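This report concerns only the one structure given below.
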Amino acid sequence: MCGILGYTSISSSAFNSNALAKHEFSQTFEHALSTLDHRGPDASGVQLLWEENVFLGHTRLAIQDLSPSGAQPMVSANERLSIVFNGEIYNFPVLKEHLVSLGYSFCSNTDTEVILCLFDKYSLDCFKMLDGIFSLAIFDKDTAQLTVARDGFGIKPLYYYLGNEKFVFSSEIK
């Protein structure tokens, strides 16, 4: 069990040149993430992409690859994609072998990194390939798109709010 948190809005003008607004938002975001500590007590991380107006947070329950290589938010090798992920992909070793045969290399032994590479190669079609339970968000810097998804049965929780020019998602509604 891990915790994921994200925020984006249409208007980013409040952050463009206002250091105080950035600091206050950072504090609020990190406080919101801390409410998920019980979901992932082993580590937490944030990625505040001010220019892209996308903010990702993760609390980690380390099960696979206990090294820092499994930390999230995780960024792809080409630095184009960022992911926060909660779940388990049962067929990730087979998918990883497939990706290695296509020329991908890996820095960790996590299903998270496999998902990043799958998304890089197959975009939204990658989700059809996943056998497991998950909720996740992937941000693509090149297209400025935030993709939020969960497994077909909705086993891993994913709550979201869309309104007032903002989109917020989390593992818990609080």
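Within each chain, counting starts at residue 1; across the structure tokens, chains are named A, B, ... in the order shown, with ligands numbered 1 upward in that order.
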
Backbone-only DSSP, strand (DSSP E or B) members of range 2-165 of chain A, as a PyMOL selection string: chain A and resi 3-9+41+43-49+54-60+74-75+81-89+132-140+145-150+159-163

As a PyMOL selection string, please: every residue in range 12-154 of chain A that a backbone DSSP assignment puts in alpha helix (DSSP H). chain A and resi 13-16+19-34+92-101+111-122

Range 142-156 of chain A surroundings by only C-alpha atoms, 12 Å radius, close-in-sequence under 5 positions cut, as a PyMOL selection string: chain A and resi 1-10+39+49+51-56+78-89+115-116+119-120+123-137+167-172

Calculated over only C-alpha atoms, which of the candidates A:Tyr159, A:Leu36, A:Val114, A:Lys22 has the smallest distance to His98 in chain A? A:Val114

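For Asp37 in chain A, the set of protein, DNA and RNA residues having any atom at most 10 Å away, when counting only C-alpha atoms and skipping those fewer than 4 positions along the same chain, is Cys2, Gly3, Ala32, Leu33, Pro41, Asp42, Ala43, Ser44, His58, Thr59, Arg60 and Leu61 of chain A.
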
Could you please determine the separation between CA of His31 in chain A and CA of Ile138 in chain A in Å, to one decimal place?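 A separation of 21.8 Å between them.
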